[in-house]
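Listing of start37.cif, mmCIF, C-alpha atoms
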data_model
loop_
_atom_site.label_atom_id
_atom_site.label_comp_id
_atom_site.auth_asym_id
_atom_site.auth_seq_id
_atom_site.Cartn_x
_atom_site.Cartn_y
_atom_site.Cartn_z
CA MET A 1104 101.48 90.33 110.94
CA ALA A 1105 104.96 88.82 111.03
CA LEU A 1106 107.80 89.65 108.67
CA ASP A 1107 107.59 86.85 106.11
CA ASP A 1108 110.56 84.83 104.87
CA THR A 1109 110.64 86.40 101.41
CA LEU A 1110 110.75 89.97 102.66
CA ARG A 1111 113.28 89.06 105.35
CA SER A 1112 115.55 87.45 102.75
CA LEU A 1113 115.31 90.56 100.56
CA LEU A 1114 116.11 92.92 103.44
CA THR A 1115 119.11 90.94 104.63
CA ALA A 1116 120.67 90.49 101.18
CA GLN A 1117 123.44 92.97 100.34
CA GLY A 1118 122.80 94.62 96.97
CA PRO A 1119 123.74 98.23 96.21
CA SER A 1120 123.15 99.64 92.75
CA GLY A 1121 124.97 97.64 90.10
CA TYR A 1122 125.65 94.76 92.51
CA GLU A 1123 122.13 93.39 93.04
CA ALA A 1124 122.92 89.67 92.63
CA ALA A 1125 122.08 88.61 96.20
CA PRO A 1126 118.64 90.22 96.53
CA SER A 1127 117.88 89.26 92.92
CA ALA A 1128 118.54 85.61 93.78
CA ALA A 1129 116.12 85.82 96.73
CA TRP A 1130 113.48 87.50 94.54
CA ARG A 1131 113.88 84.91 91.78
CA ALA A 1132 113.56 82.03 94.25
CA ALA A 1133 110.24 83.39 95.51
CA ALA A 1134 108.99 84.15 91.98
CA GLU A 1135 109.69 80.65 90.71
CA GLY A 1136 107.12 79.34 93.18
CA PHE A 1137 104.19 80.77 91.23
CA ALA A 1138 105.19 82.59 88.02
CA THR A 1139 104.73 81.07 84.58
CA ASP A 1140 108.01 82.62 83.44
CA VAL A 1141 110.93 84.26 85.27
CA ALA A 1142 113.54 86.11 83.22
CA THR A 1143 116.58 88.37 83.56
CA ASP A 1144 117.78 90.95 81.03
CA VAL A 1145 121.30 92.20 80.26
CA MET A 1146 121.09 94.92 82.93
CA GLY A 1147 120.02 92.44 85.60
CA ASN A 1148 116.35 93.47 85.73
CA LEU A 1149 114.13 90.56 86.77
CA THR A 1150 110.59 89.82 85.60
CA ALA A 1151 108.07 87.25 86.80
CA ARG A 1152 105.06 86.78 84.54
CA VAL A 1153 101.62 85.49 85.51
CA ALA A 1154 100.22 84.80 82.07
CA SER A 1155 96.59 85.34 81.17
CA ALA A 1156 94.58 82.43 79.82
CA GLN A 1157 93.88 84.57 76.75
CA ALA A 1158 96.44 84.68 73.94
CA ASP A 1159 98.02 88.04 73.04
CA SER A 1160 96.74 89.73 76.20
CA PRO A 1161 97.97 93.21 77.15
CA THR A 1162 100.67 93.43 79.81
CA LEU A 1163 100.50 95.13 83.20
CA ALA A 1164 103.94 95.65 84.74
CA LEU A 1165 104.30 96.17 88.50
CA VAL A 1166 107.74 97.67 89.03
CA GLY A 1167 109.81 98.10 92.19
CA HIS A 1168 113.56 98.69 92.21
CA ILE A 1169 115.67 96.11 94.04
CA ASP A 1170 118.91 98.04 94.56
CA GLU A 1171 119.84 99.98 97.70
CA ILE A 1172 122.25 102.80 98.46
CA GLY A 1173 125.79 101.79 99.34
CA LEU A 1174 129.46 102.78 99.30
CA ILE A 1175 132.29 102.04 96.86
CA VAL A 1176 135.96 101.90 97.83
CA THR A 1177 138.13 104.48 96.04
CA HIS A 1178 141.46 104.10 97.87
CA VAL A 1179 143.25 101.90 100.40
CA ASP A 1180 146.02 103.79 102.22
CA ASP A 1181 149.21 102.47 103.81
CA LYS A 1182 147.51 102.34 107.21
CA GLY A 1183 144.89 99.93 105.86
CA ARG A 1184 142.05 102.47 105.86
CA LEU A 1185 139.42 102.28 103.11
CA PHE A 1186 138.19 105.54 101.63
CA PHE A 1187 134.96 105.65 99.69
CA ILE A 1188 132.28 107.59 97.89
CA GLY A 1189 128.53 107.04 97.99
CA VAL A 1190 126.54 104.81 95.66
CA GLY A 1191 123.29 106.78 95.76
CA GLY A 1192 122.37 109.64 98.08
CA TRP A 1193 123.77 109.61 101.63
CA ASP A 1194 123.45 111.90 104.61
CA PRO A 1195 127.02 111.41 105.93
CA GLN A 1196 125.79 111.74 109.54
CA VAL A 1197 123.98 108.42 109.08
CA LEU A 1198 127.27 106.64 108.40
CA VAL A 1199 129.30 107.73 111.41
CA SER A 1200 130.03 104.70 113.66
CA GLN A 1201 128.02 102.28 111.52
CA ARG A 1202 129.05 98.67 111.06
CA VAL A 1203 129.37 97.79 107.38
CA ASP A 1204 129.76 94.71 105.20
CA VAL A 1205 132.26 95.08 102.35
CA LEU A 1206 131.41 92.82 99.38
CA THR A 1207 134.61 91.28 98.00
CA LYS A 1208 135.42 88.50 95.54
CA ASP A 1209 136.08 86.21 98.52
CA GLY A 1210 132.95 87.11 100.49
CA LEU A 1211 131.90 89.67 103.09
CA VAL A 1212 134.52 91.59 105.05
CA PRO A 1213 133.17 93.32 108.18
CA GLY A 1214 134.22 96.82 109.10
CA VAL A 1215 133.16 100.07 110.73
CA VAL A 1216 132.91 103.64 109.47
CA GLY A 1217 135.30 105.63 111.61
CA ARG A 1218 135.73 109.29 112.40
CA LYS A 1219 138.01 111.20 114.76
CA ALA A 1220 136.64 110.99 118.32
CA ILE A 1221 134.79 114.00 119.70
CA HIS A 1222 137.55 114.51 122.29
CA LEU A 1223 139.96 115.32 119.45
CA LEU A 1224 137.69 117.55 117.41
CA GLU A 1225 138.48 121.25 117.46
CA GLU A 1226 135.64 123.53 118.51
CA GLU A 1227 134.94 124.61 114.92
CA GLU A 1228 134.98 120.98 113.75
CA ARG A 1229 132.31 120.07 116.30
CA LYS A 1230 129.95 122.61 114.74
CA LYS A 1231 130.29 121.12 111.27
CA ALA A 1232 128.49 118.13 109.86
CA ALA A 1233 130.67 115.22 108.84
CA ASP A 1234 131.57 114.91 105.17
CA LEU A 1235 132.13 111.65 103.31
CA LYS A 1236 135.75 112.67 102.68
CA ASP A 1237 136.30 112.86 106.45
CA LEU A 1238 135.22 109.25 106.95
CA CYS A 1239 136.87 105.90 106.31
CA ILE A 1240 136.11 102.22 106.70
CA ASP A 1241 138.27 100.38 109.24
CA ILE A 1242 138.42 96.60 108.69
CA GLY A 1243 140.99 96.05 111.45
CA ALA A 1244 143.92 95.65 109.08
CA ARG A 1245 147.44 96.22 110.44
CA ASP A 1246 148.59 98.01 107.30
CA GLY A 1247 147.86 98.68 103.65
CA ASP A 1248 149.21 95.38 102.40
CA GLU A 1249 146.92 93.39 104.69
CA ALA A 1250 143.92 95.52 103.72
CA LYS A 1251 144.68 95.21 100.00
CA ALA A 1252 144.82 91.44 100.33
CA LEU A 1253 141.21 91.55 101.50
CA VAL A 1254 139.62 94.50 99.69
CA ARG A 1255 140.14 96.04 96.27
CA VAL A 1256 139.31 99.47 94.91
CA GLY A 1257 135.82 99.14 93.41
CA ASP A 1258 134.49 96.79 96.09
CA VAL A 1259 131.17 97.99 97.49
CA ALA A 1260 129.76 98.07 101.00
CA VAL A 1261 126.41 98.39 102.76
CA ILE A 1262 125.42 99.01 106.34
CA ALA A 1263 125.33 95.76 108.34
CA GLY A 1264 122.38 94.63 110.45
CA ASP A 1265 119.32 92.40 110.39
CA PRO A 1266 115.70 93.63 110.43
CA VAL A 1267 114.20 94.28 113.87
CA GLU A 1268 110.49 93.84 114.54
CA LEU A 1269 109.02 96.53 116.80
CA ALA A 1270 105.65 97.14 118.41
CA ASN A 1271 102.53 97.92 116.39
CA ASP A 1272 103.43 95.86 113.33
CA ARG A 1273 106.50 98.01 112.60
CA VAL A 1274 109.89 96.86 111.35
CA ILE A 1275 113.23 98.64 110.95
CA SER A 1276 115.95 97.70 108.48
CA ARG A 1277 118.37 99.08 105.94
CA SER A 1278 117.34 98.58 102.27
CA MET A 1279 113.60 99.07 102.80
CA ASP A 1280 114.10 101.56 99.95
CA ASN A 1281 113.21 99.80 97.80
CA ARG A 1282 113.18 96.10 98.54
CA LEU A 1283 109.65 96.90 99.71
CA GLY A 1284 108.61 97.91 96.20
CA ALA A 1285 110.22 94.84 94.66
CA TYR A 1286 108.51 92.65 97.28
CA ILE A 1287 105.09 94.28 96.80
CA ALA A 1288 105.27 93.81 93.02
CA LEU A 1289 106.06 90.14 93.59
CA GLU A 1290 103.39 89.67 96.25
CA ALA A 1291 100.71 91.34 94.12
CA ALA A 1292 101.55 89.03 91.21
CA ARG A 1293 101.44 86.04 93.57
CA LEU A 1294 97.97 87.07 94.75
CA VAL A 1295 96.82 87.31 91.14
CA ALA A 1296 98.18 83.83 90.41
CA GLU A 1297 96.57 82.45 93.56
CA SER A 1298 93.19 83.83 92.49
CA GLY A 1299 93.39 82.14 89.08
CA GLY A 1300 94.96 84.91 87.02
CA ALA A 1301 93.66 88.03 85.30
CA ALA A 1302 92.48 89.09 81.85
CA TRP A 1303 95.89 90.74 81.29
CA ASP A 1304 99.35 89.28 81.72
CA VAL A 1305 100.67 90.53 85.06
CA VAL A 1306 104.44 90.96 85.25
CA ALA A 1307 106.18 91.70 88.53
CA ALA A 1308 109.50 93.45 87.86
CA ALA A 1309 112.54 94.11 90.02
CA ALA A 1310 114.47 96.98 88.42
CA VAL A 1311 118.17 97.60 89.07
CA GLN A 1312 120.27 100.76 89.45
CA GLU A 1313 117.45 103.12 90.39
CA GLU A 1314 119.52 104.93 93.02
CA VAL A 1315 122.16 105.96 90.47
CA GLY A 1316 119.93 107.26 87.68
CA LEU A 1317 116.84 105.06 87.08
CA ASN A 1318 119.04 103.06 84.73
CA GLY A 1319 117.48 99.62 84.99
CA ALA A 1320 113.96 100.86 84.42
CA ARG A 1321 114.95 102.45 81.10
CA ALA A 1322 116.09 99.10 79.73
CA LEU A 1323 113.24 97.22 81.40
CA ALA A 1324 110.50 99.32 79.83
CA HIS A 1325 112.19 99.31 76.43
CA GLY A 1326 112.49 95.53 76.37
CA LEU A 1327 109.27 94.51 78.15
CA ARG A 1328 107.00 96.93 76.27
CA PRO A 1329 104.22 96.95 78.90
CA ASP A 1330 100.85 98.43 78.02
CA VAL A 1331 100.48 99.76 81.58
CA ALA A 1332 103.15 100.10 84.27
CA ILE A 1333 102.65 100.92 87.94
CA VAL A 1334 105.78 101.87 89.84
CA ILE A 1335 105.94 101.08 93.56
CA ASP A 1336 108.41 103.00 95.71
CA VAL A 1337 108.65 104.39 99.23
CA THR A 1338 107.57 107.87 100.27
CA HIS A 1339 107.90 109.83 103.50
CA GLU A 1340 105.71 108.91 106.46
CA THR A 1341 104.41 112.20 107.76
CA ASP A 1342 104.43 111.62 111.52
CA THR A 1343 108.23 111.64 111.20
CA LEU A 1344 109.69 114.54 113.17
CA GLY A 1345 110.08 117.61 110.97
CA VAL A 1346 108.10 116.40 107.94
CA ASP A 1347 105.63 119.00 106.62
CA PRO A 1348 102.38 117.43 105.30
CA LYS A 1349 101.58 120.67 103.47
CA ARG A 1350 104.26 119.72 100.94
CA ILE A 1351 103.43 116.05 100.40
CA ASN A 1352 100.03 115.52 102.07
CA ALA A 1353 99.58 113.35 105.19
CA HIS A 1354 100.62 109.68 105.05
CA PRO A 1355 100.83 108.31 108.60
CA PHE A 1356 101.51 104.68 109.35
CA GLY A 1357 98.36 102.62 108.91
CA SER A 1358 96.95 104.85 106.16
CA GLY A 1359 97.73 102.32 103.43
CA PRO A 1360 99.20 102.84 99.97
CA VAL A 1361 99.80 106.35 98.66
CA ILE A 1362 98.20 106.81 95.25
CA GLU A 1363 100.14 109.41 93.30
CA ARG A 1364 98.57 111.89 90.90
CA GLY A 1365 100.62 114.14 88.64
CA THR A 1366 101.59 115.37 85.22
CA ILE A 1367 103.52 112.33 83.98
CA LEU A 1368 101.09 109.83 85.54
CA ASN A 1369 98.04 108.69 83.64
CA PRO A 1370 94.94 110.14 85.33
CA LYS A 1371 92.77 107.16 84.44
CA ILE A 1372 95.17 104.85 86.27
CA SER A 1373 95.01 107.03 89.38
CA GLU A 1374 91.21 107.13 89.26
CA LEU A 1375 90.93 103.37 88.84
CA LEU A 1376 93.33 102.79 91.74
CA ILE A 1377 91.13 105.02 93.91
CA GLU A 1378 87.98 103.24 92.74
CA VAL A 1379 89.47 99.81 93.47
CA ALA A 1380 90.74 100.87 96.90
CA GLU A 1381 87.30 102.11 97.89
CA ALA A 1382 85.54 99.03 96.50
CA GLU A 1383 87.94 96.72 98.41
CA SER A 1384 87.85 98.82 101.63
CA ILE A 1385 91.61 99.39 101.41
CA PRO A 1386 92.79 102.58 103.15
CA TYR A 1387 94.77 104.99 100.98
CA THR A 1388 96.03 108.55 100.77
CA LEU A 1389 96.86 110.79 97.80
CA MET A 1390 100.08 112.54 96.79
CA ALA A 1391 100.70 115.06 94.01
CA SER A 1392 103.72 115.64 91.77
CA ALA A 1393 104.06 118.52 89.34
CA ARG A 1394 107.02 117.29 87.30
CA ALA A 1395 109.20 114.30 88.14
CA THR A 1396 108.10 111.75 90.72
CA GLY A 1397 111.64 110.84 91.75
CA THR A 1398 110.91 107.19 90.89
CA ASP A 1399 111.33 104.82 87.95
CA ALA A 1400 108.06 106.20 86.57
CA ASP A 1401 110.06 109.20 85.34
CA VAL A 1402 111.76 107.11 82.64
CA ILE A 1403 109.18 104.38 82.06
CA HIS A 1404 106.40 106.73 80.98
CA PHE A 1405 108.24 107.93 77.85
CA SER A 1406 109.80 104.62 76.80
CA ARG A 1407 109.46 103.94 73.07
CA GLY A 1408 106.15 105.54 72.04
CA GLY A 1409 105.07 106.08 75.65
CA VAL A 1410 103.75 103.85 78.44
CA VAL A 1411 100.56 104.38 80.44
CA THR A 1412 102.07 104.81 83.91
CA GLY A 1413 100.84 105.03 87.49
CA GLY A 1414 102.59 105.43 90.83
CA ILE A 1415 102.11 103.97 94.30
CA GLY A 1416 104.03 105.06 97.40
CA LEU A 1417 104.51 103.33 100.73
CA PRO A 1418 104.87 105.39 103.94
CA LEU A 1419 108.42 105.04 105.32
CA ARG A 1420 110.31 106.71 108.16
CA TYR A 1421 114.02 107.58 108.14
CA MET A 1422 114.62 107.03 104.43
CA HIS A 1423 118.22 106.37 103.32
CA SER A 1424 119.33 105.37 106.80
CA ALA A 1425 120.21 102.23 108.73
CA VAL A 1426 116.82 102.25 110.47
CA GLU A 1427 114.23 102.73 107.74
CA MET A 1428 110.86 101.92 109.33
CA VAL A 1429 107.65 100.57 107.80
CA GLN A 1430 104.32 99.31 109.10
CA LEU A 1431 103.60 95.87 107.67
CA ASP A 1432 99.85 96.27 107.20
CA ASP A 1433 100.61 99.13 104.78
CA VAL A 1434 102.78 96.70 102.81
CA ALA A 1435 100.00 94.09 102.73
CA ASN A 1436 97.38 96.66 101.69
CA CYS A 1437 99.58 97.92 98.87
CA ALA A 1438 99.90 94.39 97.46
CA ARG A 1439 96.15 93.82 97.87
CA LEU A 1440 95.36 97.04 95.99
CA LEU A 1441 97.60 96.17 93.05
CA ALA A 1442 96.28 92.62 92.81
CA ALA A 1443 92.69 93.89 92.84
CA PHE A 1444 93.59 96.52 90.22
CA ALA A 1445 95.05 93.81 87.98
CA ARG A 1446 91.91 91.69 88.31
CA ARG A 1447 89.75 94.70 87.39
CA LEU A 1448 91.38 95.08 83.96
CA THR A 1449 89.48 93.80 80.94
CA ALA A 1450 90.02 93.56 77.20
CA ASP A 1451 88.07 96.83 76.92
CA SER A 1452 90.12 98.79 79.49
CA ASP A 1453 91.01 102.13 77.91
CA PHE A 1454 93.62 104.49 79.36
CA SER A 1455 93.97 106.86 76.42
CA ARG A 1456 94.38 110.51 77.38
CA GLY A 1457 92.25 111.74 74.51
#
Have the structure of the file written as structure tokens, please.
Amino acid sequence: MALDDTLRSLLTAQGPSGYEAAPSAAWRAAAEGFATDVATDVMGNLTARVASAQADSPTLALVGHIDEIGLIVTHVDDKGRLFFIGVGGWDPQVLVSQRVDVLTKDGLVPGVVGRKAIHLLEEEERKKAADLKDLCIDIGARDGDEAKALVRVGDVAVIAGDPVELANDRVISRSMDNRLGAYIALEAARLVAESGGAAWDVVAAAAVQEEVGLNGARALAHGLRPDVAIVIDVTHETDTLGVDPKRINAHPFGSGPVIERGTILNPKISELLIEVAEAESIPYTLMASARATGTDADVIHFSRGGVVTGGIGLPLRYMHSAVEMVQLDDVANCARLLAAFARRLTADSDFSRG
């Protein structure tokens, strides 16, 4: 399958945590093609509702976060070099020699992340991994005054580069984590709308600021008050070099969505996801979590008086890098599973733990 226009627009939009306007605009444009209502809250969380024909129906929320990791400028020196800290979790080795786009009030400013050349590194330096404090962004400025005329402290940056389609239905891009989850939530809701709706209201949600503390999801769950929420995020593809399946189970490309089971996740949701996957002949694998999931589910499940919560993962290679890789049929199967789950819900669906 080809990379569709909506997912491509989400992957190419620059939107680190707290600065999600560009990907949010792409998501909203796609949602307005089918949703009965599209809304934004104070935090910037987006929702797209496919309303049930029945009045006062329960609400199923499908939640993926739309932010990505990035950088934020902390200082511009008299040589015109930009120093920065991470927005979200970075392996500094990933950043060395990367092209970046700096988001400024006047538009994008291109640059590169520079480090002292290997020829100039002392022997002990060569043995050490790079640290963020040893790196800078070079925008080609002659001096500090020229740089400061282009970039201000507090401007953010992301790695530059368009998605690349590879063999075997695989694509690489920055921001797969978690534009994929935001896209899958939207696509599942679109499939529900296309099929004529469901007995419950189905709300696709694009949450902000996940990478810096699950912040958007806290406000989203509090304001939306869903009866059931399923969080969609990426997880580690286990054919990746060095990944140990004994820790997270095996999730190779082509194995479909990863249905998560664990202490904070409602067991009836997990069982129904498994039942639906098997009934629809959708491949899937299982993953277990003993405490936190590391996703927005960790804050959604205890919002207000508590929310019935489930979790879906998507196999991804090279997470938090410039070349995050996914297999597109896994993406399609994840959306199919969630749409089928939504259509399975009835007025009598009961997810009580008692």
Suppose a student applies the PyMOL selection byres ((chain A and resi 1416-1428) around 8) to this structure; what residues should they get, written as a VMD selection string? chain A and resid 1172 1192 to 1194 1197 1262 1273 to 1280 1335 to 1341 1343 1354 to 1356 1359 to 1363 1414 to 1415 1429 to 1430 1433 to 1434 1437
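Neighbouring residues of stretch 1188-1191 of chain A at 9 Å or closer, counting all atoms listed in the file and skipping chain neighbours under 6 positions away, are A:Pro1119, A:Ser1120, A:Glu1171, A:Ile1172, A:Gly1173, A:Leu1174, A:Ile1175, A:Val1176, A:Thr1177, A:Leu1235, A:Lys1236, A:Val1259, A:Glu1313, A:Glu1314, A:Val1315, A:Gly1316.
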Atom-to-atom span, atom CA of A:Asp1181 and atom CA of A:Glu1249, Å: 9.4 Å
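The closest residue to A:Ile1403, picked from A:Gly1147, A:Gly1243, A:Gly1257, A:Gly1326 and counting all atoms listed in the file, is A:Gly1326.
Residue nearest A:Val1306, chosen from A:Ser1406, A:Thr1139, A:Ser1127, A:Ser1452 and counting all atoms listed in the file: A:Thr1139.
Using only C-alpha atoms for every distance, the candidate list A:Leu1163, A:Ile1169, A:Asn1281, A:Ile1287 yields A:Ile1169 as the residue closest to A:Ala1128.
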Which residues are close to A:Glu1297, i.e. within 10 Å by all atoms listed in the file, leaving aside same-chain residues fewer than 5 positions away? Reply as a VMD selection string. chain A and resid 1137 1153 1291 to 1292
Run the PyMOL selection byres ((chain A and resi 1220) around 12) on the file and write out the hits as a PyMOL selection string. chain A and resi 1199-1200+1217-1219+1221-1225+1228-1229+1233+1238
Can you sort out stretch 1390-1414 of chain A so it carries N, CA and C atoms, written as an mmCIF file, keeping the file's coordinate frame?
data_model
loop_
_atom_site.group_PDB
_atom_site.id
_atom_site.type_symbol
_atom_site.label_atom_id
_atom_site.label_comp_id
_atom_site.auth_asym_id
_atom_site.auth_seq_id
_atom_site.Cartn_x
_atom_site.Cartn_y
_atom_site.Cartn_z
ATOM 1 N N MET A 1390 98.898 111.683 96.864
ATOM 2 C CA MET A 1390 100.080 112.540 96.790
ATOM 3 C C MET A 1390 100.138 113.136 95.389
ATOM 4 N N ALA A 1391 100.637 114.357 95.297
ATOM 5 C CA ALA A 1391 100.700 115.060 94.010
ATOM 6 C C ALA A 1391 102.137 115.333 93.618
ATOM 7 N N SER A 1392 102.421 115.240 92.306
ATOM 8 C CA SER A 1392 103.720 115.640 91.770
ATOM 9 C C SER A 1392 103.490 116.505 90.543
ATOM 10 N N ALA A 1393 104.266 117.586 90.444
ATOM 11 C CA ALA A 1393 104.060 118.520 89.340
ATOM 12 C C ALA A 1393 104.949 118.218 88.143
ATOM 13 N N ARG A 1394 106.107 117.653 88.390
ATOM 14 C CA ARG A 1394 107.020 117.290 87.300
ATOM 15 C C ARG A 1394 107.444 115.846 87.506
ATOM 16 N N ALA A 1395 108.704 115.656 87.899
ATOM 17 C CA ALA A 1395 109.200 114.300 88.140
ATOM 18 C C ALA A 1395 108.641 113.741 89.445
ATOM 19 N N THR A 1396 108.543 112.424 89.497
ATOM 20 C CA THR A 1396 108.100 111.750 90.720
ATOM 21 C C THR A 1396 109.277 111.337 91.593
ATOM 22 N N GLY A 1397 110.490 111.332 91.021
ATOM 23 C CA GLY A 1397 111.640 110.840 91.750
ATOM 24 C C GLY A 1397 111.716 109.323 91.790
ATOM 25 N N THR A 1398 110.951 108.654 90.935
ATOM 26 C CA THR A 1398 110.910 107.190 90.890
ATOM 27 C C THR A 1398 111.161 106.710 89.458
ATOM 28 N N ASP A 1399 111.152 105.390 89.288
ATOM 29 C CA ASP A 1399 111.330 104.820 87.950
ATOM 30 C C ASP A 1399 110.238 105.220 86.976
ATOM 31 N N ALA A 1400 109.118 105.720 87.467
ATOM 32 C CA ALA A 1400 108.060 106.200 86.570
ATOM 33 C C ALA A 1400 108.565 107.310 85.656
ATOM 34 N N ASP A 1401 109.571 108.053 86.113
ATOM 35 C CA ASP A 1401 110.060 109.200 85.340
ATOM 36 C C ASP A 1401 110.683 108.788 84.013
ATOM 37 N N VAL A 1402 111.190 107.567 83.911
ATOM 38 C CA VAL A 1402 111.760 107.110 82.640
ATOM 39 C C VAL A 1402 110.867 106.087 81.938
ATOM 40 N N ILE A 1403 110.049 105.386 82.689
ATOM 41 C CA ILE A 1403 109.180 104.380 82.060
ATOM 42 C C ILE A 1403 108.114 105.045 81.204
ATOM 43 N N HIS A 1404 107.579 106.168 81.645
ATOM 44 C CA HIS A 1404 106.400 106.730 80.980
ATOM 45 C C HIS A 1404 106.687 107.189 79.550
ATOM 46 N N PHE A 1405 107.954 107.515 79.230
ATOM 47 C CA PHE A 1405 108.240 107.930 77.850
ATOM 48 C C PHE A 1405 109.076 106.901 77.091
ATOM 49 N N SER A 1406 109.083 105.658 77.541
ATOM 50 C CA SER A 1406 109.800 104.620 76.800
ATOM 51 C C SER A 1406 109.127 104.367 75.455
ATOM 52 N N ARG A 1407 109.952 104.155 74.422
ATOM 53 C CA ARG A 1407 109.460 103.940 73.070
ATOM 54 C C ARG A 1407 108.409 104.998 72.719
ATOM 55 N N GLY A 1408 107.189 104.576 72.398
ATOM 56 C CA GLY A 1408 106.150 105.540 72.040
ATOM 57 C C GLY A 1408 105.352 106.034 73.233
ATOM 58 N N GLY A 1409 105.772 105.671 74.443
ATOM 59 C CA GLY A 1409 105.070 106.080 75.650
ATOM 60 C C GLY A 1409 104.397 104.905 76.326
ATOM 61 N N VAL A 1410 104.375 104.905 77.645
ATOM 62 C CA VAL A 1410 103.750 103.850 78.440
ATOM 63 C C VAL A 1410 102.762 104.485 79.406
ATOM 64 N N VAL A 1411 101.552 103.965 79.445
ATOM 65 C CA VAL A 1411 100.560 104.380 80.440
ATOM 66 C C VAL A 1411 101.123 104.017 81.809
ATOM 67 N N THR A 1412 101.318 105.022 82.671
ATOM 68 C CA THR A 1412 102.070 104.810 83.910
ATOM 69 C C THR A 1412 101.311 105.347 85.116
ATOM 70 N N GLY A 1413 101.379 104.595 86.210
ATOM 71 C CA GLY A 1413 100.840 105.030 87.490
ATOM 72 C C GLY A 1413 101.902 104.901 88.561
ATOM 73 N N GLY A 1414 101.621 105.466 89.735
ATOM 74 C CA GLY A 1414 102.590 105.430 90.830
ATOM 75 C C GLY A 1414 101.931 105.154 92.164
#
